[in-house]
$ cat start07.txt   # compact mmCIF, C-alpha atoms and all ligand atoms
# COMPACT_ATOMS: atom_id res chain seq x y z
CA MET A 1 -25.47 114.05 45.67
CA THR A 2 -25.35 116.98 48.10
CA GLN A 3 -21.80 115.99 48.99
CA LEU A 4 -20.84 115.96 45.34
CA SER A 5 -22.25 119.40 44.59
CA ASP A 6 -20.47 120.82 47.66
CA ASP A 7 -17.25 119.42 46.28
CA CYS A 8 -17.99 120.85 42.87
CA PHE A 9 -18.47 124.27 44.37
CA ALA A 10 -15.26 124.03 46.39
CA PHE A 11 -13.18 122.90 43.41
CA GLY A 12 -14.87 124.88 40.72
CA GLY A 13 -15.32 128.32 42.30
CA ALA A 14 -14.72 131.55 40.48
CA LEU A 15 -11.55 131.75 38.43
CA MET A 16 -8.81 133.94 39.80
CA SER A 17 -7.08 136.38 37.52
CA ALA A 18 -3.33 136.23 36.95
CA ASP A 19 -2.87 139.63 38.60
CA GLU A 20 -4.89 138.69 41.68
CA ALA A 21 -2.78 135.56 42.02
CA LEU A 22 0.49 137.51 41.75
CA GLU A 23 -0.71 140.05 44.28
CA ILE A 24 -1.55 137.35 46.80
CA LEU A 25 1.87 135.80 46.29
CA ASP A 26 3.50 139.16 46.93
CA ARG A 27 1.71 139.48 50.24
CA ARG A 28 2.01 135.93 51.51
CA ILE A 29 5.57 134.92 50.76
CA GLU A 30 8.47 135.89 53.00
CA PRO A 31 12.14 135.50 52.06
CA VAL A 32 14.04 132.57 53.53
CA THR A 33 16.10 133.64 56.50
CA GLY A 34 19.81 133.12 56.72
CA HIS A 35 22.68 134.32 54.63
CA GLU A 36 26.23 133.38 53.90
CA THR A 37 29.35 134.83 52.38
CA VAL A 38 30.47 133.46 49.03
CA PRO A 39 33.51 134.20 46.88
CA LEU A 40 32.79 136.09 43.66
CA SER A 41 33.38 132.89 41.69
CA ALA A 42 30.36 131.28 43.40
CA ALA A 43 28.08 134.32 43.38
CA LEU A 44 26.34 133.94 40.01
CA HIS A 45 22.50 133.86 40.28
CA ARG A 46 22.60 134.47 44.04
CA VAL A 47 20.77 137.35 45.77
CA LEU A 48 22.54 139.99 47.86
CA SER A 49 21.54 139.99 51.51
CA GLU A 50 23.32 143.31 52.18
CA ASP A 51 24.09 146.47 50.28
CA VAL A 52 27.55 146.38 48.74
CA VAL A 53 29.79 149.33 49.59
CA ALA A 54 32.79 149.80 47.30
CA ARG A 55 36.09 149.41 49.11
CA GLU A 56 37.94 151.23 46.39
CA ALA A 57 37.31 153.62 43.55
CA SER A 58 37.15 152.39 39.99
CA PRO A 59 39.09 153.21 38.06
CA PRO A 60 41.56 153.68 40.89
CA HIS A 61 43.61 156.28 38.96
CA ASP A 62 43.16 158.64 36.06
CA ASN A 63 44.22 156.62 33.03
CA ALA A 64 44.34 156.62 29.26
CA ALA A 65 41.29 155.47 27.29
CA VAL A 66 43.30 154.95 24.09
CA ASP A 67 46.82 154.29 22.87
CA GLY A 68 48.54 157.60 22.12
CA TYR A 69 50.37 160.44 23.78
CA ALA A 70 49.56 162.06 27.12
CA LEU A 71 50.13 165.80 27.33
CA ARG A 72 49.10 169.06 28.96
CA PHE A 73 46.20 170.59 27.08
CA SER A 74 47.61 174.03 27.88
CA ASP A 75 50.75 173.21 25.85
CA LEU A 76 48.76 172.84 22.62
CA ARG A 77 48.36 175.57 20.04
CA PRO A 78 44.73 176.09 19.12
CA ASP A 79 45.37 176.98 15.48
CA ARG A 80 48.18 174.76 14.22
CA ASP A 81 50.23 171.65 14.90
CA SER A 82 52.06 171.44 18.20
CA HIS A 83 55.42 169.66 18.29
CA LEU A 84 56.11 168.01 21.64
CA PRO A 85 59.22 166.05 22.66
CA VAL A 86 58.39 162.59 24.04
CA ALA A 87 59.79 162.41 27.57
CA GLY A 88 58.71 158.96 28.69
CA ARG A 89 56.57 155.90 28.27
CA ALA A 90 53.64 154.59 30.36
CA THR A 91 52.05 151.22 29.80
CA ALA A 92 49.24 149.47 31.68
CA GLY A 93 50.62 148.39 35.03
CA HIS A 94 53.84 150.38 34.50
CA PRO A 95 53.28 154.06 35.29
CA TRP A 96 55.72 156.80 34.23
CA ARG A 97 56.70 158.15 37.61
CA ASP A 98 59.06 160.98 36.75
CA ALA A 99 58.00 164.59 36.40
CA VAL A 100 57.19 165.52 32.81
CA PRO A 101 58.79 168.80 31.73
CA SER A 102 56.47 171.54 30.57
CA GLY A 103 55.81 171.26 26.84
CA ALA A 104 56.60 167.51 26.70
CA ALA A 105 54.43 164.43 26.08
CA VAL A 106 54.54 160.81 27.29
CA ARG A 107 53.91 157.80 25.08
CA ILE A 108 50.93 156.11 26.73
CA PHE A 109 48.82 152.99 26.23
CA THR A 110 45.21 152.16 27.15
CA GLY A 111 44.78 151.69 30.87
CA ALA A 112 48.13 153.23 31.81
CA VAL A 113 48.05 155.73 34.68
CA MET A 114 48.13 159.36 33.55
CA PRO A 115 51.54 160.84 34.45
CA ALA A 116 51.32 163.65 37.02
CA ALA A 117 50.25 167.03 35.58
CA LEU A 118 49.20 165.58 32.21
CA ASP A 119 45.48 165.87 31.55
CA THR A 120 44.76 164.93 27.94
CA VAL A 121 45.53 162.07 25.56
CA VAL A 122 45.79 162.30 21.79
CA MET A 123 45.15 159.09 19.86
CA GLN A 124 48.13 157.62 18.09
CA GLU A 125 46.13 157.55 14.84
CA ASP A 126 45.85 161.36 14.95
CA VAL A 127 49.52 162.27 15.29
CA THR A 128 52.72 162.10 13.30
CA VAL A 129 55.93 161.08 14.96
CA GLU A 130 59.42 162.03 13.88
CA GLY A 131 62.28 160.80 15.99
CA ASP A 132 61.50 161.80 19.55
CA THR A 133 58.94 164.42 18.64
CA VAL A 134 55.21 164.00 18.27
CA SER A 135 53.15 166.45 16.20
CA VAL A 136 49.65 167.01 17.45
CA PRO A 137 47.07 168.64 15.17
CA PRO A 138 44.72 171.31 16.58
CA GLY A 139 41.17 170.47 17.64
CA LEU A 140 41.73 168.23 20.66
CA LYS A 141 39.37 168.85 23.59
CA PRO A 142 40.72 169.40 27.11
CA GLY A 143 40.68 166.13 29.05
CA ALA A 144 40.09 164.08 25.90
CA ASN A 145 40.63 160.32 26.11
CA ARG A 146 41.31 160.45 29.83
CA ARG A 147 39.29 158.27 32.19
CA LYS A 148 38.89 159.88 35.58
CA ALA A 149 39.60 158.05 38.82
CA GLY A 150 36.28 157.01 40.39
CA GLU A 151 34.18 157.83 37.30
CA ASP A 152 32.61 154.35 37.48
CA ILE A 153 32.66 153.68 41.21
CA ALA A 154 33.37 156.12 44.03
CA ALA A 155 35.12 154.59 47.05
CA GLY A 156 32.59 154.14 49.87
CA ALA A 157 29.56 154.36 47.58
CA VAL A 158 26.74 151.81 47.65
CA ILE A 159 27.18 150.10 44.30
CA LEU A 160 24.67 147.25 44.66
CA ARG A 161 21.54 146.98 46.75
CA ARG A 162 20.28 144.22 48.99
CA GLY A 163 17.87 142.03 47.06
CA ALA A 164 19.76 142.45 43.76
CA ARG A 165 20.20 139.28 41.74
CA LEU A 166 23.78 138.71 40.78
CA ARG A 167 24.22 138.59 37.05
CA PRO A 168 27.69 138.57 35.49
CA GLN A 169 27.72 142.36 35.33
CA GLU A 170 26.89 142.80 39.04
CA ILE A 171 29.73 140.44 39.89
CA GLY A 172 32.06 142.39 37.61
CA LEU A 173 31.10 145.64 39.32
CA ALA A 174 31.70 144.16 42.77
CA ALA A 175 35.11 142.91 41.65
CA ALA A 176 36.00 146.34 40.29
CA GLY A 177 35.01 147.85 43.64
CA GLY A 178 37.52 145.61 45.42
CA MET A 179 35.14 143.02 46.86
CA ALA A 180 36.45 139.44 47.00
CA GLU A 181 33.28 137.97 48.49
CA LEU A 182 29.65 138.92 48.82
CA ALA A 183 26.97 138.44 51.45
CA VAL A 184 24.06 136.55 49.88
CA TYR A 185 20.88 134.88 51.06
CA ARG A 186 21.21 131.18 51.38
CA PRO A 187 19.86 129.41 48.31
CA VAL A 188 16.18 128.51 48.18
CA ARG A 189 16.01 124.76 48.74
CA VAL A 190 13.61 123.26 46.24
CA GLY A 191 12.35 119.69 46.29
CA LEU A 192 11.43 118.83 42.71
CA PHE A 193 9.02 116.05 41.71
CA SER A 194 7.23 114.85 38.65
CA THR A 195 4.00 112.91 38.95
CA GLY A 196 2.27 110.34 36.81
CA ASP A 197 2.23 106.57 36.38
CA GLU A 198 3.01 107.10 32.69
CA VAL A 199 6.06 109.30 33.29
CA ARG A 200 9.45 107.61 32.93
CA GLU A 201 13.08 108.52 33.34
CA PRO A 202 14.58 109.47 29.93
CA GLY A 203 16.70 106.81 28.29
CA GLY A 204 15.12 103.87 30.01
CA GLY A 205 12.84 102.81 27.17
CA LEU A 206 9.06 103.08 27.06
CA THR A 207 6.21 100.60 27.07
CA PRO A 208 2.89 101.60 25.45
CA GLY A 209 1.26 104.53 27.23
CA GLU A 210 4.43 105.84 28.77
CA ILE A 211 6.27 109.11 28.10
CA TYR A 212 9.63 110.48 29.14
CA ASP A 213 9.86 113.00 31.93
CA ALA A 214 10.49 116.31 30.19
CA ASN A 215 9.20 118.57 32.95
CA ARG A 216 11.65 117.69 35.67
CA TYR A 217 14.63 118.44 33.46
CA MET A 218 13.16 121.68 32.18
CA LEU A 219 12.26 122.77 35.70
CA ARG A 220 15.68 121.88 36.97
CA GLY A 221 17.23 124.22 34.43
CA LEU A 222 14.78 126.97 35.28
CA LEU A 223 15.55 126.63 38.99
CA GLN A 224 19.31 126.53 38.41
CA GLY A 225 19.03 129.88 36.67
CA LEU A 226 17.49 131.25 39.86
CA GLY A 227 20.32 130.02 42.08
CA CYS A 228 18.29 127.35 43.89
CA ALA A 229 19.63 124.33 45.75
CA ILE A 230 17.68 121.59 44.02
CA SER A 231 16.83 118.14 45.34
CA ASP A 232 15.70 115.90 42.53
CA LEU A 233 13.07 113.76 44.19
CA GLY A 234 12.11 111.79 41.12
CA ILE A 235 8.78 110.70 39.75
CA LEU A 236 5.80 110.04 42.02
CA PRO A 237 3.20 107.43 41.10
CA ASP A 238 -0.48 108.35 40.87
CA ARG A 239 -1.26 107.09 44.33
CA ALA A 240 -2.53 109.41 47.04
CA ASP A 241 -0.58 107.74 49.85
CA ALA A 242 2.69 107.76 47.88
CA VAL A 243 2.31 111.43 47.00
CA ARG A 244 1.37 112.36 50.55
CA ASP A 245 4.28 110.46 52.09
CA ALA A 246 6.80 111.91 49.65
CA LEU A 247 5.60 115.48 50.18
CA ALA A 248 5.51 115.08 53.95
CA ALA A 249 9.04 113.63 54.02
CA ALA A 250 10.44 116.40 51.82
CA ALA A 251 8.70 119.35 53.47
CA GLY A 252 11.06 119.68 56.42
CA ASP A 253 14.23 120.00 54.36
CA HIS A 254 13.01 122.41 51.74
CA ASP A 255 11.65 125.91 51.33
CA LEU A 256 9.57 124.97 48.33
CA LEU A 257 8.11 121.77 46.94
CA LEU A 258 7.55 121.94 43.22
CA THR A 259 5.63 119.32 41.29
CA SER A 260 4.21 119.00 37.81
CA GLY A 261 1.11 117.08 36.79
CA GLY A 262 -1.68 115.64 38.86
CA VAL A 263 -3.42 118.86 39.88
CA SER A 264 -6.51 118.99 37.71
CA THR A 265 -9.93 117.83 38.82
CA GLY A 266 -9.56 114.37 37.32
CA GLU A 267 -9.94 111.54 39.76
CA GLU A 268 -6.40 110.40 38.95
CA ASP A 269 -4.99 113.66 40.29
CA HIS A 270 -3.77 112.92 43.77
CA VAL A 271 -1.47 115.83 44.39
CA LYS A 272 -4.25 118.17 45.36
CA ALA A 273 -5.74 115.74 47.86
CA ALA A 274 -2.31 115.05 49.35
CA VAL A 275 -1.52 118.72 49.84
CA GLU A 276 -4.91 119.40 51.38
CA ALA A 277 -4.37 116.53 53.82
CA LEU A 278 -0.96 117.90 54.91
CA GLY A 279 -1.50 121.64 54.84
CA ALA A 280 -3.57 123.93 52.68
CA LEU A 281 -4.15 124.83 49.09
CA HIS A 282 -4.69 128.56 48.69
CA PHE A 283 -6.17 128.58 45.21
CA TRP A 284 -5.88 126.57 42.12
CA ARG A 285 -8.06 127.77 39.28
CA LEU A 286 -6.51 130.61 37.35
CA ALA A 287 -8.07 132.38 34.40
CA ILE A 288 -5.09 131.67 32.18
CA LYS A 289 -4.15 129.67 29.11
CA PRO A 290 -2.13 127.56 29.03
CA GLY A 291 -1.78 126.58 32.62
CA ARG A 292 -4.97 126.14 34.45
CA PRO A 293 -4.92 124.39 36.86
CA LEU A 294 -2.17 125.64 39.08
CA ALA A 295 -1.98 124.71 42.75
CA LEU A 296 -0.40 126.92 45.40
CA GLY A 297 -0.34 126.13 49.04
CA HIS A 298 1.80 124.77 51.79
CA VAL A 299 2.78 121.37 53.15
CA ASN A 300 3.53 121.51 56.86
CA GLY A 301 4.42 125.17 56.40
CA THR A 302 6.67 124.66 53.36
CA ALA A 303 5.51 126.44 50.21
CA PHE A 304 4.01 124.15 47.63
CA VAL A 305 3.56 124.87 43.94
CA GLY A 306 1.83 122.28 41.80
CA LEU A 307 2.30 123.07 38.12
CA PRO A 308 0.18 121.54 35.37
CA GLY A 309 1.46 118.46 33.58
CA ASN A 310 1.70 119.64 30.02
CA PRO A 311 5.24 120.85 29.37
CA VAL A 312 4.29 124.14 27.71
CA ALA A 313 1.97 124.96 30.59
CA VAL A 314 4.80 124.04 32.95
CA MET A 315 7.13 126.53 31.32
CA VAL A 316 4.57 129.33 31.13
CA CYS A 317 3.32 128.83 34.67
CA PHE A 318 6.82 128.57 36.01
CA LEU A 319 7.93 131.78 34.36
CA ARG A 320 4.86 133.79 35.32
CA PHE A 321 3.97 132.35 38.75
CA ALA A 322 6.57 130.00 40.22
CA ARG A 323 9.50 132.22 39.28
CA PRO A 324 8.32 135.23 41.32
CA ILE A 325 7.66 132.87 44.23
CA VAL A 326 11.17 131.44 44.05
CA LEU A 327 12.69 134.91 43.69
CA ARG A 328 10.73 136.24 46.62
CA LEU A 329 11.65 133.27 48.81
CA GLY A 330 15.25 133.94 47.85
CA GLY A 331 15.16 137.57 48.94
CA ALA A 332 15.12 139.16 45.49
CA VAL A 333 13.24 142.44 45.14
CA ASP A 334 12.73 142.75 41.40
CA LEU A 335 10.20 140.03 40.67
CA ARG A 336 8.33 141.25 37.63
CA PRO A 337 9.95 140.75 34.28
CA SER A 338 9.79 143.53 31.71
CA LEU A 339 7.49 143.01 28.77
CA TYR A 340 8.11 144.82 25.51
CA LYS A 341 5.55 146.14 23.04
CA VAL A 342 5.90 144.67 19.57
CA PRO A 343 3.47 144.46 16.66
CA ALA A 344 1.87 141.06 16.14
CA ALA A 345 2.43 139.59 12.68
CA PHE A 346 -0.67 137.41 13.12
CA ALA A 347 -4.36 137.53 13.92
CA HIS A 348 -5.75 135.61 16.86
CA ARG A 349 -9.02 135.01 18.70
CA LYS A 350 -9.26 134.25 22.37
CA LYS A 351 -11.74 133.93 25.21
CA LEU A 352 -12.74 137.00 27.15
CA ASP A 353 -11.54 137.25 30.78
CA ARG A 354 -8.62 134.92 30.36
CA ARG A 355 -4.96 135.80 30.05
CA GLU A 356 -3.32 133.91 27.28
CA TRP A 357 0.28 133.29 26.30
CA LEU A 358 1.38 132.33 22.80
CA ARG A 359 4.79 131.10 21.84
CA ALA A 360 6.29 133.44 19.31
CA ARG A 361 9.53 134.30 17.63
CA LEU A 362 10.71 137.74 16.71
CA GLY A 363 11.36 138.54 13.10
CA THR A 364 10.84 141.32 10.60
CA ASP A 365 7.50 141.90 8.90
CA ASP A 366 6.98 142.94 5.26
CA GLY A 367 7.69 146.55 6.18
CA GLY A 368 11.03 145.59 7.75
CA ARG A 369 9.76 146.22 11.29
CA LEU A 370 10.39 143.98 14.26
CA ALA A 371 7.29 141.84 14.85
CA ALA A 372 6.14 138.78 16.78
CA PHE A 373 5.34 135.68 14.76
CA LYS A 374 3.13 133.08 16.38
CA PHE A 375 4.35 129.51 16.32
CA ASP A 376 1.92 127.39 14.29
CA LYS A 377 1.49 124.55 16.72
CA GLN A 378 0.30 126.04 20.00
CA GLY A 379 -0.66 122.72 21.64
CA SER A 380 0.47 122.58 25.22
CA GLY A 381 2.47 119.40 24.73
CA ILE A 382 4.53 120.86 21.87
CA ILE A 383 7.92 121.29 23.52
CA SER A 384 9.55 122.02 20.17
CA SER A 385 7.54 125.25 20.08
CA LEU A 386 9.38 126.41 23.19
CA VAL A 387 12.64 125.70 21.44
CA ALA A 388 11.61 127.55 18.29
CA ALA A 389 10.21 130.55 20.17
CA ASP A 390 12.05 133.63 21.40
CA GLY A 391 9.45 134.27 24.05
CA LEU A 392 5.78 134.61 24.88
CA VAL A 393 3.17 136.99 23.58
CA GLU A 394 0.96 137.87 26.54
CA LEU A 395 -2.64 138.71 25.67
CA PRO A 396 -4.75 140.53 28.29
CA GLU A 397 -8.02 139.33 29.76
CA ARG A 398 -10.17 141.93 28.02
CA MET A 399 -8.99 141.05 24.51
CA THR A 400 -11.06 138.72 22.32
CA GLU A 401 -9.69 139.49 18.87
CA LEU A 402 -6.22 140.43 17.87
CA SER A 403 -5.64 141.79 14.38
CA ALA A 404 -2.32 141.60 12.60
CA GLY A 405 -0.32 144.77 13.19
CA GLU A 406 -1.74 145.46 16.64
CA MET A 407 0.77 145.98 19.43
CA VAL A 408 1.12 143.15 21.95
CA ASP A 409 3.19 142.53 25.07
CA PHE A 410 6.17 140.30 24.45
CA LEU A 411 8.10 138.53 27.19
CA PRO A 412 11.49 137.46 25.83
CA PHE A 413 12.75 134.21 27.28
CA SER A 414 16.10 135.97 27.71
CA GLU A 415 14.37 138.23 30.25
CA VAL A 416 13.43 135.37 32.54
CA LEU A 417 15.82 132.49 31.97
CA GLY A 418 18.60 132.88 34.48
P1 LIG B 501 -1.74 115.72 34.29
O1 LIG B 501 -1.93 117.13 34.72
O2 LIG B 501 -1.00 114.89 35.28
O3 LIG B 501 -3.05 115.10 33.88
O4 LIG B 501 -0.83 115.77 32.98
C1 LIG B 501 -1.23 116.44 31.81
C2 LIG B 501 -0.42 115.97 30.63
O5 LIG B 501 0.96 116.27 30.83
C3 LIG B 501 -0.48 114.47 30.38
O6 LIG B 501 -0.52 114.25 29.00
C4 LIG B 501 0.80 113.98 30.99
O7 LIG B 501 1.23 112.77 30.43
C5 LIG B 501 1.76 115.09 30.68
N1 LIG B 501 2.86 115.13 31.63
C6 LIG B 501 2.73 115.07 32.98
N2 LIG B 501 3.93 115.08 33.58
C7 LIG B 501 4.85 115.12 32.58
C8 LIG B 501 6.28 115.17 32.57
N3 LIG B 501 6.97 115.16 33.70
N4 LIG B 501 6.92 115.27 31.38
C9 LIG B 501 6.19 115.30 30.24
N5 LIG B 501 4.85 115.28 30.19
C10 LIG B 501 4.17 115.18 31.34
MG MG B 502 -0.71 112.98 35.64
$ encode --input "start07.txt" --output "structure tokens"
Amino acid sequence: MTQLSDDCFAFGGALMSADEALEILDRRIEPVTGHETVPLSAALHRVLSEDVVAREASPPHDNAAVDGYALRFSDLRPDRDSHLPVAGRATAGHPWRDAVPSGAAVRIFTGAVMPAALDTVVMQEDVTVEGDTVSVPPGLKPGANRRKAGEDIAAGAVILRRGARLRPQEIGLAAAGGMAELAVYRPVRVGLFSTGDEVREPGGGLTPGEIYDANRYMLRGLLQGLGCAISDLGILPDRADAVRDALAAAAGDHDLLLTSGGVSTGEEDHVKAAVEALGALHFWRLAIKPGRPLALGHVNGTAFVGLPGNPVAVMVCFLRFARPIVLRLGGAVDLRPSLYKVPAAFAHRKKLDRREWLRARLGTDDGGRLAAFKFDKQGSGIISSLVAADGLVELPERMTELSAGEMVDFLPFSEVLG
């Protein structure tokens, strides 16, 4: 009896808030060491391990922003049409290299290098052409429609910082700056498991009591978006020794072991016991919904994250807790997603002192304003609600009643997937 109540105290201690949990993660997790150089074509989702210094300016030369005629602004009359002879032609990749006589223009196309001494481009839609002469109406601004060399990237400038996650646009910028490859942290190696005697590989058929493994495939996609090297380690049975052996075997080759299911207080939940036998569990009861319980610890020094079993809780807990861990392990510096204020198109009641996430889609309310609409079925096994939703409404601990029209924090899935 004494033993039992000790255990109850140890397992059932005070709930930890979501912010406390995130703060602890920030302090305790160090990036993986080691980096490598990858070609731009393999850089998506990776994290820069060094600042990127532009080799070259972009654009490399002054060039035309439109199709039209390049000219000297000083040749134009401010009060009436100017008639300029067309002395040459410049297309993208084929500069006009000859000197342009004073008072003359050059036919030019978007992206073509500005001929020497010409400073302004008039759009072809704005002129009239007769024979070899172009007539330019008054009103053009000096330097109009000319892109300046280096206006995007100055040669030698730091264009991307260490710790930046490489999205398509970062890779495009690096390419424009003349980089063919980038120095990145090595990928975070994640060993991914599901747990549960009832959990089966999709497609194999089910006997009564069994369900297909949704979590492992969802988590795989989430991890891929973060640039991880994923080992799919399958489904673990609900047996303490099997879980312990599998975790121990995987720990050495991975930076993170990620499981779903088997971490509540039920006697069938063996993951917690296995982790405690091999390493430590830092905390596991969070004041959140959905999601509690969530296990965080280490197995022989390798980070361990045990997500809940219910698929919606898996997604929410991954996005809010596992994702910053993975990013931090991977050397990324920007770990917190942006939330956006939107009015709620629904009323809702919740428990005090618990952070709660609701699946919601964005739409327009009766007044034509953008608003968040709660998905009807909020059960934590309702995977279709994740598909229907655009993101999560995040309700703070102190709130107990939400009225329609009140502003809420909205986390778009697009902010955190990939
Ligand atoms: P547990 O935390 O192991 O008690 O699991 C909670 C709920 O999530 C149970 O209904 C499980 O059947 C379900 N569940 C656990 N793992 C998975 C999985 N990989 N895919 C789908 N559902 C799961
Ligand atoms: Mg289970």
$ residues_near_ligand --input "start07.txt" --ligand "ligand MG 502 (chain B)" --cutoff "9 Å" --atoms "all atoms listed in the file" --output "number ranges by chain"
A: 194-199, 237-238, 260-264, 268-270, 308-309
$ closest_residue --input "start07.txt" --among "A:Lys351, A:Arg216, A:Lys341, A:His254" --to "ligand LIG 501 (chain B)" --atoms "only C-alpha atoms and all ligand atoms"
A:Arg216
$ residues_around --input "start07.txt" --residues "stretch 344-350 of chain A" --least-positions-apart "6" --cutoff "7 Å" --atoms "all atoms listed in the file" --output "list in words"
Asp365, Ala371, Ala372, Phe373, Lys374, Thr400, Glu401, Leu402, Ser403, Ala404, Gly405, Glu406, Met407 and Val408 of chain A
$ closest_residue --input "start07.txt" --among "A:Pro311, A:Pro396, A:Pro343, A:Gly391" --to "ligand LIG 501 (chain B)" --atoms "all atoms listed in the file"
A:Pro311
$ closest_residue --input "start07.txt" --among "A:Ser82, A:Thr128, A:Asn63, A:Ser135" --to "A:Ala149" --atoms "only C-alpha atoms"
A:Asn63
$ closest_residue --input "start07.txt" --among "A:Ser384, A:Ser58, A:Asn215, A:Thr37" --to "ligand LIG 501 (chain B)" --atoms "all atoms listed in the file"
A:Asn215
$ atom_distance --input "start07.txt" --atom1 "atom CA of A:Arg328" --atom2 "atom CA of A:Leu25"
8.9 Å
$ axis_aligned_box --input "start07.txt" --around "stretch 186-191 of chain A" --padding-each-side "4 Å" --output "lines of an AutoDock Vina configuration file"
center_x = 16.8
center_y = 125.4
center_z = 48.8
size_x = 16.9
size_y = 19.5
size_z = 13.1
$ atom_distance --input "start07.txt" --atom1 "atom CA of A:Val38" --atom2 "atom CA of A:Gly234"
29.5 Å
$ decode --input "start07.txt" --residues "stretch 330-342 of chain A" --atoms "N, CA, C and O atoms" --output "short mmCIF file (atom, residue, chain, number, x, y, z; two decimals), in the first residue's frame"
data_model
loop_
_atom_site.label_atom_id
_atom_site.label_comp_id
_atom_site.auth_asym_id
_atom_site.auth_seq_id
_atom_site.Cartn_x
_atom_site.Cartn_y
_atom_site.Cartn_z
N GLY A 330 18.64 19.39 -34.82
CA GLY A 330 19.16 19.57 -36.17
C GLY A 330 19.88 20.89 -36.39
O GLY A 330 20.30 21.18 -37.50
N GLY A 331 20.01 21.70 -35.35
CA GLY A 331 20.78 22.94 -35.46
C GLY A 331 19.97 24.16 -35.86
O GLY A 331 20.53 25.24 -36.02
N ALA A 332 18.66 24.00 -36.03
CA ALA A 332 17.84 25.15 -36.44
C ALA A 332 17.69 26.12 -35.28
O ALA A 332 17.70 25.72 -34.11
N VAL A 333 17.56 27.41 -35.61
CA VAL A 333 17.45 28.41 -34.55
C VAL A 333 16.03 28.93 -34.37
O VAL A 333 15.68 29.42 -33.30
N ASP A 334 15.22 28.84 -35.38
CA ASP A 334 13.87 29.41 -35.28
C ASP A 334 12.89 28.27 -35.00
O ASP A 334 12.42 27.60 -35.90
N LEU A 335 12.61 28.06 -33.72
CA LEU A 335 11.87 26.85 -33.33
C LEU A 335 10.38 27.09 -33.12
O LEU A 335 9.60 26.16 -33.14
N ARG A 336 10.04 28.33 -32.84
CA ARG A 336 8.65 28.60 -32.48
C ARG A 336 7.85 29.05 -33.69
O ARG A 336 8.19 30.04 -34.31
N PRO A 337 6.81 28.32 -34.01
CA PRO A 337 6.00 28.75 -35.14
C PRO A 337 5.22 30.02 -34.81
O PRO A 337 4.98 30.32 -33.64
N SER A 338 4.88 30.77 -35.84
CA SER A 338 4.05 31.97 -35.63
C SER A 338 2.59 31.56 -35.54
O SER A 338 2.13 30.72 -36.30
N LEU A 339 1.91 32.16 -34.57
CA LEU A 339 0.46 31.98 -34.47
C LEU A 339 -0.19 33.28 -34.90
O LEU A 339 0.39 34.35 -34.74
N TYR A 340 -1.37 33.19 -35.46
CA TYR A 340 -2.04 34.37 -35.99
C TYR A 340 -3.36 34.56 -35.28
O TYR A 340 -4.07 33.59 -35.00
N LYS A 341 -3.69 35.82 -34.97
CA LYS A 341 -4.96 36.11 -34.30
C LYS A 341 -6.10 36.11 -35.31
O LYS A 341 -6.03 36.83 -36.31
N VAL A 342 -7.10 35.30 -35.03
CA VAL A 342 -8.30 35.32 -35.87
C VAL A 342 -9.52 35.25 -34.96
O VAL A 342 -9.44 34.71 -33.85
#
